[in-house]
file protein.tsv (TSV, C-alpha atoms)
chain	number	residue	atom	x	y	z
Z	1	MET	CA	-100.29	-39.52	11.91
Z	2	GLU	CA	-98.47	-41.05	8.98
Z	3	LEU	CA	-99.29	-40.50	5.33
Z	4	ASN	CA	-98.37	-42.62	2.37
Z	5	ALA	CA	-99.26	-41.16	-0.99
Z	6	GLN	CA	-99.31	-42.62	-4.46
Z	7	LYS	CA	-100.35	-40.89	-7.65
Z	8	ARG	CA	-101.66	-42.57	-10.74
Z	9	GLY	CA	-102.91	-40.32	-13.51
Z	10	SER	CA	-105.28	-37.83	-11.92
Z	11	ARG	CA	-105.91	-40.08	-8.93
Z	12	LEU	CA	-104.09	-39.46	-5.66
Z	13	SER	CA	-104.35	-42.28	-3.15
Z	14	VAL	CA	-103.36	-41.48	0.42
Z	15	GLN	CA	-103.09	-44.04	3.17
Z	16	LEU	CA	-103.49	-42.55	6.65
Z	17	SER	CA	-102.17	-44.40	9.69
Z	18	GLY	CA	-102.44	-43.50	13.36
Z	19	GLU	CA	-104.71	-41.23	15.36
Z	20	LEU	CA	-106.57	-38.27	13.88
Z	21	ASP	CA	-107.68	-35.92	16.64
Z	22	HIS	CA	-107.43	-32.16	17.20
Z	23	HIS	CA	-103.75	-32.59	18.10
Z	24	SER	CA	-102.77	-34.26	14.83
Z	25	ALA	CA	-105.37	-32.49	12.65
Z	26	GLU	CA	-103.27	-29.49	11.67
Z	27	GLN	CA	-100.25	-31.52	10.63
Z	28	THR	CA	-102.49	-33.88	8.64
Z	29	ARG	CA	-104.24	-30.94	6.97
Z	30	ILE	CA	-100.92	-29.37	5.97
Z	31	MET	CA	-99.60	-32.64	4.54
Z	32	LEU	CA	-102.77	-33.30	2.53
Z	33	ASP	CA	-102.94	-29.71	1.25
Z	34	THR	CA	-99.31	-29.92	0.17
Z	35	LEU	CA	-100.18	-33.00	-1.90
Z	36	LEU	CA	-103.26	-31.24	-3.30
Z	37	ARG	CA	-101.14	-28.37	-4.61
Z	38	ASP	CA	-100.66	-30.64	-7.60
Z	39	VAL	CA	-103.48	-29.24	-9.77
Z	40	THR	CA	-103.62	-32.38	-11.91
Z	41	VAL	CA	-105.17	-34.28	-9.00
Z	42	HIS	CA	-108.90	-34.71	-9.60
Z	43	GLU	CA	-109.64	-37.73	-7.48
Z	44	LEU	CA	-108.56	-38.05	-3.86
Z	45	VAL	CA	-108.82	-41.52	-2.35
Z	46	LEU	CA	-108.32	-41.71	1.42
Z	47	ASP	CA	-107.51	-45.17	2.72
Z	48	LEU	CA	-108.34	-45.16	6.43
Z	49	SER	CA	-107.60	-48.82	7.15
Z	50	GLY	CA	-104.58	-47.84	9.26
Z	51	MET	CA	-106.51	-45.38	11.45
Z	52	THR	CA	-106.56	-46.36	15.12
Z	53	PHE	CA	-108.65	-43.39	16.31
Z	54	MET	CA	-110.69	-40.56	14.86
Z	55	ASP	CA	-113.03	-38.00	16.38
Z	56	SER	CA	-114.90	-34.99	15.00
Z	57	ALA	CA	-111.61	-33.19	14.37
Z	58	GLY	CA	-111.02	-35.81	11.67
Z	59	ILE	CA	-114.40	-35.04	10.13
Z	60	GLY	CA	-113.32	-31.39	9.90
Z	61	VAL	CA	-110.11	-32.39	8.09
Z	62	ILE	CA	-111.95	-34.67	5.65
Z	63	LEU	CA	-114.71	-32.15	4.88
Z	64	GLY	CA	-112.12	-29.42	4.35
Z	65	ARG	CA	-110.25	-31.53	1.78
Z	66	PHE	CA	-113.56	-32.49	0.16
Z	67	ARG	CA	-114.31	-28.77	-0.34
Z	68	LYS	CA	-110.90	-28.25	-1.92
Z	69	ILE	CA	-111.18	-31.09	-4.39
Z	70	SER	CA	-114.82	-30.23	-5.23
Z	71	MET	CA	-113.85	-26.66	-6.02
Z	72	ARG	CA	-111.69	-27.92	-8.86
Z	73	GLY	CA	-114.46	-30.24	-10.02
Z	74	GLY	CA	-112.86	-33.36	-8.58
Z	75	ARG	CA	-114.19	-36.11	-6.34
Z	76	MET	CA	-113.24	-37.75	-3.09
Z	77	VAL	CA	-113.47	-41.36	-1.98
Z	78	VAL	CA	-113.00	-42.85	1.49
Z	79	LYS	CA	-112.28	-46.51	2.15
Z	80	GLY	CA	-111.06	-48.91	4.83
Z	81	MET	CA	-113.16	-47.48	7.69
Z	82	ASN	CA	-113.09	-49.60	10.84
Z	83	ALA	CA	-116.31	-50.01	12.87
Z	84	SER	CA	-115.86	-46.92	15.05
Z	85	VAL	CA	-114.79	-44.62	12.19
Z	86	ASP	CA	-117.75	-45.95	10.20
Z	87	ARG	CA	-120.16	-45.06	13.01
Z	88	LEU	CA	-118.65	-41.59	13.29
Z	89	PHE	CA	-119.05	-41.08	9.53
Z	90	GLN	CA	-122.62	-42.35	9.59
Z	91	MET	CA	-123.73	-40.10	12.42
Z	92	SER	CA	-122.08	-37.03	10.89
Z	93	GLY	CA	-123.66	-37.60	7.48
Z	94	ILE	CA	-120.31	-37.66	5.70
Z	95	TYR	CA	-121.42	-40.47	3.37
Z	96	ALA	CA	-124.05	-38.15	1.87
Z	97	ILE	CA	-121.31	-36.14	0.16
Z	98	VAL	CA	-118.15	-38.24	0.15
Z	99	GLU	CA	-118.09	-41.43	-1.87
Z	100	ARG	CA	-117.46	-44.66	0.01
Z	101	GLN	CA	-115.66	-47.61	-1.52
H	102	MET	CA	-118.85	-51.91	41.93
H	103	HIS	CA	-118.08	-48.37	43.02
H	104	ASN	CA	-114.94	-46.60	41.93
H	105	GLU	CA	-113.76	-43.04	41.45
H	106	MET	CA	-110.80	-41.24	39.96
H	107	GLU	CA	-109.74	-37.73	39.07
H	108	VAL	CA	-106.84	-36.46	36.98
H	109	ARG	CA	-105.74	-32.94	36.20
H	110	PHE	CA	-103.61	-32.12	33.21
H	111	LEU	CA	-102.46	-29.04	31.31
H	112	SER	CA	-104.49	-27.86	28.33
H	113	LEU	CA	-101.97	-29.17	25.79
H	114	SER	CA	-103.46	-30.81	22.71
H	115	GLY	CA	-101.06	-33.72	23.19
H	116	ASN	CA	-102.95	-34.49	26.41
H	117	GLU	CA	-106.09	-35.37	24.41
H	118	ALA	CA	-104.56	-38.79	23.72
H	119	LEU	CA	-103.52	-39.09	27.39
H	120	ALA	CA	-107.09	-38.36	28.55
H	121	ARG	CA	-108.49	-40.98	26.15
H	122	ALA	CA	-106.01	-43.60	27.37
H	123	ILE	CA	-106.81	-42.91	31.03
H	124	ALA	CA	-110.57	-42.92	30.41
H	125	VAL	CA	-110.41	-46.22	28.55
H	126	SER	CA	-108.24	-47.84	31.25
H	127	PHE	CA	-110.65	-46.77	33.99
H	128	ALA	CA	-113.76	-47.84	32.05
H	129	ALA	CA	-112.17	-51.20	31.19
H	130	GLN	CA	-112.63	-52.22	34.83
H	131	MET	CA	-116.37	-52.45	34.11
H	132	ASN	CA	-115.68	-55.03	31.44
H	133	PRO	CA	-117.44	-53.15	28.61
H	134	GLY	CA	-117.69	-54.32	25.02
H	135	ILE	CA	-115.28	-53.06	22.36
H	136	GLU	CA	-117.95	-50.77	20.92
H	137	GLU	CA	-118.76	-49.28	24.33
H	138	LEU	CA	-115.07	-48.62	24.99
H	139	SER	CA	-114.74	-46.96	21.61
H	140	ASP	CA	-117.79	-44.76	22.38
H	141	ILE	CA	-116.24	-43.64	25.68
H	142	ARG	CA	-112.86	-42.99	24.05
H	143	THR	CA	-114.43	-40.77	21.39
H	144	ALA	CA	-116.77	-38.89	23.75
H	145	VAL	CA	-113.93	-38.09	26.18
H	146	SER	CA	-111.78	-36.91	23.29
H	147	GLU	CA	-114.54	-34.51	22.16
H	148	ALA	CA	-115.11	-33.07	25.64
H	149	VAL	CA	-111.39	-32.59	26.38
H	150	THR	CA	-110.79	-31.06	22.93
H	151	ASN	CA	-113.64	-28.59	23.53
H	152	ALA	CA	-112.09	-27.59	26.87
H	153	ILE	CA	-108.72	-26.95	25.20
H	154	ILE	CA	-109.93	-25.21	22.03
H	155	HIS	CA	-112.97	-23.33	23.28
H	156	GLY	CA	-112.69	-23.15	27.09
H	157	TYR	CA	-109.05	-22.10	27.05
H	158	ASP	CA	-108.77	-20.77	23.48
H	159	GLN	CA	-105.72	-23.00	22.97
H	160	ASN	CA	-103.77	-21.52	25.89
H	161	THR	CA	-101.56	-24.39	27.00
H	162	ASP	CA	-100.94	-23.45	30.63
H	163	ARG	CA	-104.45	-24.01	32.01
H	164	VAL	CA	-105.83	-27.08	33.76
H	165	VAL	CA	-108.42	-29.58	32.49
H	166	THR	CA	-109.96	-31.99	35.00
H	167	LEU	CA	-111.19	-35.44	34.06
H	168	GLN	CA	-113.25	-37.12	36.73
H	169	MET	CA	-114.74	-40.60	36.38
H	170	GLU	CA	-117.04	-42.63	38.54
H	171	THR	CA	-118.63	-46.04	38.34
H	172	GLU	CA	-121.77	-46.93	40.24
H	173	LYS	CA	-123.05	-50.42	39.50
H	174	ASP	CA	-123.36	-50.53	35.70
H	175	VAL	CA	-123.30	-46.77	35.12
H	176	LEU	CA	-120.16	-44.89	34.13
H	177	THR	CA	-120.05	-41.14	34.75
H	178	VAL	CA	-117.44	-38.96	33.03
H	179	ILE	CA	-117.01	-35.32	34.03
H	180	VAL	CA	-114.74	-33.00	32.04
H	181	ARG	CA	-114.21	-29.59	33.56
H	182	ASP	CA	-112.39	-26.42	32.54
H	183	GLU	CA	-112.14	-23.05	34.23
H	184	GLY	CA	-112.08	-21.17	30.95
H	185	CYS	CA	-114.26	-18.63	29.17
H	186	GLY	CA	-117.57	-20.51	29.44
H	187	ILE	CA	-120.29	-20.94	26.81
H	188	GLY	CA	-122.72	-18.05	26.22
H	189	ASP	CA	-125.42	-20.03	24.44
H	190	ILE	CA	-125.31	-23.74	25.30
H	191	ASP	CA	-128.23	-24.67	23.01
H	192	LEU	CA	-126.44	-23.09	20.05
H	193	ALA	CA	-123.12	-24.76	20.97
H	194	ARG	CA	-124.84	-28.16	21.00
H	195	LYS	CA	-126.39	-27.73	17.54
H	196	PRO	CA	-124.95	-30.11	14.94
H	197	PHE	CA	-122.48	-28.41	12.58
H	198	TYR	CA	-122.40	-25.21	14.64
H	199	THR	CA	-118.89	-24.04	15.45
H	200	SER	CA	-117.75	-20.79	17.01
H	201	LYS	CA	-114.38	-21.28	15.33
H	202	PRO	CA	-114.99	-21.97	11.62
H	203	GLU	CA	-111.49	-20.64	10.86
H	204	LEU	CA	-110.06	-23.73	12.57
H	205	GLU	CA	-111.96	-25.97	10.16
H	206	ARG	CA	-113.85	-27.60	12.99
H	207	SER	CA	-116.79	-29.78	12.02
H	208	GLY	CA	-119.12	-28.51	14.74
H	209	MET	CA	-119.94	-32.12	15.63
H	210	GLY	CA	-118.34	-32.36	19.08
H	211	PHE	CA	-121.48	-32.30	21.23
H	212	SER	CA	-123.42	-34.36	18.67
H	213	VAL	CA	-120.77	-37.09	18.89
H	214	MET	CA	-120.93	-37.04	22.71
H	215	GLU	CA	-124.74	-37.28	22.56
H	216	ALA	CA	-124.65	-40.13	20.04
H	217	PHE	CA	-122.07	-42.19	21.91
H	218	MET	CA	-123.16	-41.63	25.53
H	219	ASP	CA	-126.60	-42.07	27.15
H	220	SER	CA	-126.79	-38.55	28.56
H	221	VAL	CA	-124.78	-35.34	28.22
H	222	ASP	CA	-125.30	-32.45	30.63
H	223	VAL	CA	-123.55	-29.12	30.08
H	224	ARG	CA	-123.22	-26.46	32.77
H	225	SER	CA	-121.36	-23.30	32.00
H	226	GLU	CA	-120.82	-19.85	33.36
H	227	LEU	CA	-119.25	-17.07	31.30
H	228	GLY	CA	-115.78	-16.30	32.61
H	229	HIS	CA	-115.82	-19.21	35.02
H	230	GLY	CA	-115.74	-22.35	32.94
H	231	THR	CA	-117.67	-25.34	31.69
H	232	THR	CA	-118.50	-28.73	33.16
H	233	VAL	CA	-119.66	-31.54	30.87
H	234	THR	CA	-121.16	-34.57	32.61
H	235	MET	CA	-121.73	-37.69	30.51
H	236	ARG	CA	-123.27	-40.98	31.58
H	237	LYS	CA	-123.34	-44.38	29.97
H	238	ARG	CA	-124.85	-47.65	31.09
H	239	ILE	CA	-122.43	-50.50	30.42
H	240	ARG	CA	-124.42	-53.50	29.27
H	241	HIS	CA	-122.08	-56.24	30.37
H	242	ALA	CA	-120.75	-54.57	33.48
H	243	ASP	CA	-119.52	-56.91	36.21
call {"tool": "encode", "arguments": {"input": "protein.tsv", "output": "structure tokens"}}
result
Amino acid sequence: MELNAQKRGSRLSVQLSGELDHHSAEQTRIMLDTLLRDVTVHELVLDLSGMTFMDSAGIGVILGRFRKISMRGGRMVVKGMNASVDRLFQMSGIYAIVERQ
Amino acid sequence: MHNEMEVRFLSLSGNEALARAIAVSFAAQMNPGIEELSDIRTAVSEAVTNAIIHGYDQNTDRVVTLQMETEKDVLTVIVRDEGCGIGDIDLARKPFYTSKPELERSGMGFSVMEAFMDSVDVRSELGHGTTVTMRKRIRHAD
């Protein structure tokens, strides 16, 4: 899993590339949480266009970060889902709470 | 077409990707669509991850077995561990239920398998292990 982050004002945009499964989940979680230590971040945008695989472990990582950013009154946006990630998000109901762009 | 295969690998999380790659290569012989292949890849990943996290509680020196079979247009995938077993299978299959919330798991593993495969059968015995059998009809199978 590779992360590319860019901050503009209170918006943190992170581009994720690679596979997000149980194996890579912990490393991804640590990297995202390190970025979220910056308390001025109030909007987290996850660009998933470089994701080649995701399973329910990825949903756990995304929901965990959503909780973090919501607790400080911020919001989270996901974008760039390919067809299989989109189906996973739809069946897990993630779009009901996380904004989609 | 009839075909069978079986692989055994250690319960290392890095082997989740290996299991997906093997499963997809085997299923590809049935000439499935891209979406069907993606369904199989994800379902196998969920079952193998469950075996590693729950069956073996992340011990890395145990063995997970992935068995696959094709019979005409039906693909059967069997993922087996000889780990702790599941006490309450109905509860384990409930969407959003996880026995390990501290790991930030979504509790969606079985739901994903059920959504992406035609049938999911779970047999488990406490202290002896769990066998997950999934079937999927491949629409454009040769």
call {"tool": "interface_residues", "arguments": {"input": "protein.tsv", "of": "chain H", "to": "chain Z", "cutoff": "9 Å", "atoms": "only C-alpha atoms", "output": "MDAnalysis selection string"}}
result
chainID H and resid 113:118 136 139:140 142:144 146:147 150 154 196:197 204:210 212:213 216
call {"tool": "residues_near_point", "arguments": {"input": "protein.tsv", "point": "(-101.0, -46.3, 8.2)", "cutoff": "7 Å", "atoms": "only C-alpha atoms", "output": "PDB file with C-alpha atoms, in the frame of the given file"}}
result
ATOM      1  CA  GLU Z   2     -98.470 -41.050   8.980  1.00  0.00           C
ATOM      2  CA  LEU Z   3     -99.290 -40.500   5.330  1.00  0.00           C
ATOM      3  CA  GLN Z  15    -103.090 -44.040   3.170  1.00  0.00           C
ATOM      4  CA  LEU Z  16    -103.490 -42.550   6.650  1.00  0.00           C
ATOM      5  CA  SER Z  17    -102.170 -44.400   9.690  1.00  0.00           C
ATOM      6  CA  GLY Z  18    -102.440 -43.500  13.360  1.00  0.00           C
ATOM      7  CA  GLY Z  50    -104.580 -47.840   9.260  1.00  0.00           C
ATOM      8  CA  MET Z  51    -106.510 -45.380  11.450  1.00  0.00           C
TER       9      MET Z  51
END
call {"tool": "atom_distance", "arguments": {"input": "protein.tsv", "atom1": "CA of His229 (chain H)", "atom2": "CA of Gly184 (chain H)"}}
result
5.9 Å
call {"tool": "axis_aligned_box", "arguments": {"input": "protein.tsv", "around": "region 186-196 of chain H", "padding_each_side": "8 Å", "output": "JSON"}}
result
{"center_x": -122.9, "center_y": -24.1, "center_z": 22.2, "size_x": 26.7, "size_y": 28.1, "size_z": 30.5}
call {"tool": "residues_around", "arguments": {"input": "protein.tsv", "residues": "Asp38 (chain Z)", "least_positions_apart": "2", "cutoff": "12 Å", "atoms": "only C-alpha atoms", "output": "PyMOL selection string"}}
result
chain Z and resi 7+9-12+32-36+40-44+68-69+72
call {"tool": "write_last_selection", "arguments": {"input": "protein.tsv", "atoms": "C-alpha atoms", "output": "CSV table (one decimal), keeping the file's coordinate frame"}}
result
chain,number,residue,atom,x,y,z
Z,7,LYS,CA,-100.4,-40.9,-7.6
Z,9,GLY,CA,-102.9,-40.3,-13.5
Z,10,SER,CA,-105.3,-37.8,-11.9
Z,11,ARG,CA,-105.9,-40.1,-8.9
Z,12,LEU,CA,-104.1,-39.5,-5.7
Z,32,LEU,CA,-102.8,-33.3,2.5
Z,33,ASP,CA,-102.9,-29.7,1.2
Z,34,THR,CA,-99.3,-29.9,0.2
Z,35,LEU,CA,-100.2,-33.0,-1.9
Z,36,LEU,CA,-103.3,-31.2,-3.3
Z,40,THR,CA,-103.6,-32.4,-11.9
Z,41,VAL,CA,-105.2,-34.3,-9.0
Z,42,HIS,CA,-108.9,-34.7,-9.6
Z,43,GLU,CA,-109.6,-37.7,-7.5
Z,44,LEU,CA,-108.6,-38.0,-3.9
Z,68,LYS,CA,-110.9,-28.2,-1.9
Z,69,ILE,CA,-111.2,-31.1,-4.4
Z,72,ARG,CA,-111.7,-27.9,-8.9
call {"tool": "residues_around", "arguments": {"input": "protein.tsv", "residues": "Gly230 (chain H)", "least_positions_apart": "5", "cutoff": "7 Å", "atoms": "only C-alpha atoms", "output": "ChimeraX atom specification"}}
result
/H:156,182-186,225
call {"tool": "atom_distance", "arguments": {"input": "protein.tsv", "atom1": "CA of Arg109 (chain H)", "atom2": "CA of Ile123 (chain H)"}}
result
11.3 Å
call {"tool": "decode", "arguments": {"input": "protein.tsv", "residues": "region 148-238 of chain H", "atoms": "C-alpha atoms", "output": "compact mmCIF listing (two decimals), in the first residue's frame"}}
result
# COMPACT_ATOMS: atom_id res chain seq x y z
CA ALA H 148 -12.43 -16.70 4.08
CA VAL H 149 -8.62 -16.96 4.30
CA THR H 150 -8.42 -13.81 6.45
CA ASN H 151 -11.02 -15.28 8.84
CA ALA H 152 -8.98 -18.48 9.13
CA ILE H 153 -5.84 -16.49 9.99
CA ILE H 154 -7.38 -13.91 12.35
CA HIS H 155 -10.11 -15.92 14.03
CA GLY H 156 -9.30 -19.61 13.46
CA TYR H 157 -5.65 -19.24 14.40
CA ASP H 158 -5.79 -15.98 16.38
CA GLN H 159 -2.96 -14.63 14.21
CA ASN H 160 -0.55 -17.46 15.05
CA THR H 161 1.62 -17.68 11.97
CA ASP H 162 2.79 -21.29 12.16
CA ARG H 163 -0.52 -23.03 11.44
CA VAL H 164 -1.82 -24.36 8.13
CA VAL H 165 -4.69 -23.04 6.00
CA THR H 166 -5.99 -25.25 3.19
CA LEU H 167 -7.53 -23.86 0.01
CA GLN H 168 -9.30 -26.44 -2.09
CA MET H 169 -11.00 -25.67 -5.40
CA GLU H 170 -13.09 -27.71 -7.74
CA THR H 171 -14.87 -27.11 -11.01
CA GLU H 172 -17.76 -29.25 -12.16
CA LYS H 173 -19.32 -28.06 -15.41
CA ASP H 174 -20.15 -24.39 -14.77
CA VAL H 175 -19.98 -24.52 -10.97
CA LEU H 176 -16.90 -23.46 -9.02
CA THR H 177 -16.51 -24.75 -5.46
CA VAL H 178 -14.05 -23.11 -3.07
CA ILE H 179 -13.28 -24.70 0.30
CA VAL H 180 -11.19 -22.87 2.90
CA ARG H 181 -10.26 -24.91 5.94
CA ASP H 182 -8.44 -24.26 9.19
CA GLU H 183 -7.77 -26.49 12.17
CA GLY H 184 -8.06 -23.65 14.64
CA CYS H 185 -10.33 -22.71 17.53
CA GLY H 186 -13.66 -23.10 15.73
CA ILE H 187 -16.74 -20.86 15.89
CA GLY H 188 -19.06 -21.17 18.90
CA ASP H 189 -22.08 -19.47 17.38
CA ILE H 190 -22.06 -19.60 13.57
CA ASP H 191 -25.32 -17.61 13.18
CA LEU H 192 -23.86 -14.78 15.25
CA ALA H 193 -20.54 -14.87 13.35
CA ARG H 194 -22.43 -14.52 10.05
CA LYS H 195 -24.41 -11.46 11.19
CA PRO H 196 -23.47 -8.28 9.31
CA PHE H 197 -21.26 -5.95 11.37
CA TYR H 198 -20.72 -8.53 14.11
CA THR H 199 -17.08 -9.03 15.00
CA SER H 200 -15.56 -11.00 17.85
CA LYS H 201 -12.49 -8.78 17.61
CA PRO H 202 -13.63 -5.14 17.67
CA GLU H 203 -10.20 -4.15 19.03
CA LEU H 204 -8.73 -5.02 15.63
CA GLU H 205 -11.05 -2.53 13.94
CA ARG H 206 -12.62 -5.25 11.85
CA SER H 207 -15.78 -4.32 9.98
CA GLY H 208 -17.65 -7.55 10.76
CA MET H 209 -18.53 -7.85 7.07
CA GLY H 210 -16.49 -10.92 6.13
CA PHE H 211 -19.30 -13.48 5.85
CA SER H 212 -21.68 -10.89 4.38
CA VAL H 213 -19.17 -10.21 1.59
CA MET H 214 -18.80 -13.94 0.91
CA GLU H 215 -22.60 -14.31 0.81
CA ALA H 216 -23.02 -11.31 -1.51
CA PHE H 217 -20.32 -12.37 -3.96
CA MET H 218 -20.87 -16.15 -4.08
CA ASP H 219 -24.08 -18.14 -4.73
CA SER H 220 -23.88 -20.20 -1.55
CA VAL H 221 -21.77 -20.18 1.61
CA ASP H 222 -21.80 -23.14 3.99
CA VAL H 223 -19.96 -22.97 7.32
CA ARG H 224 -19.11 -26.04 9.39
CA SER H 225 -17.21 -25.61 12.60
CA GLU H 226 -16.30 -27.51 15.71
CA LEU H 227 -14.88 -25.79 18.79
CA GLY H 228 -11.23 -26.70 19.19
CA HIS H 229 -11.09 -28.51 15.87
CA GLY H 230 -11.47 -25.89 13.19
CA THR H 231 -13.71 -24.39 10.56
CA THR H 232 -14.52 -25.30 6.97
CA VAL H 233 -16.13 -22.72 4.68
CA THR H 234 -17.54 -24.06 1.41
CA MET H 235 -18.56 -21.52 -1.22
CA ARG H 236 -20.11 -22.17 -4.61
CA LYS H 237 -20.59 -19.97 -7.64
CA ARG H 238 -22.11 -20.67 -11.02
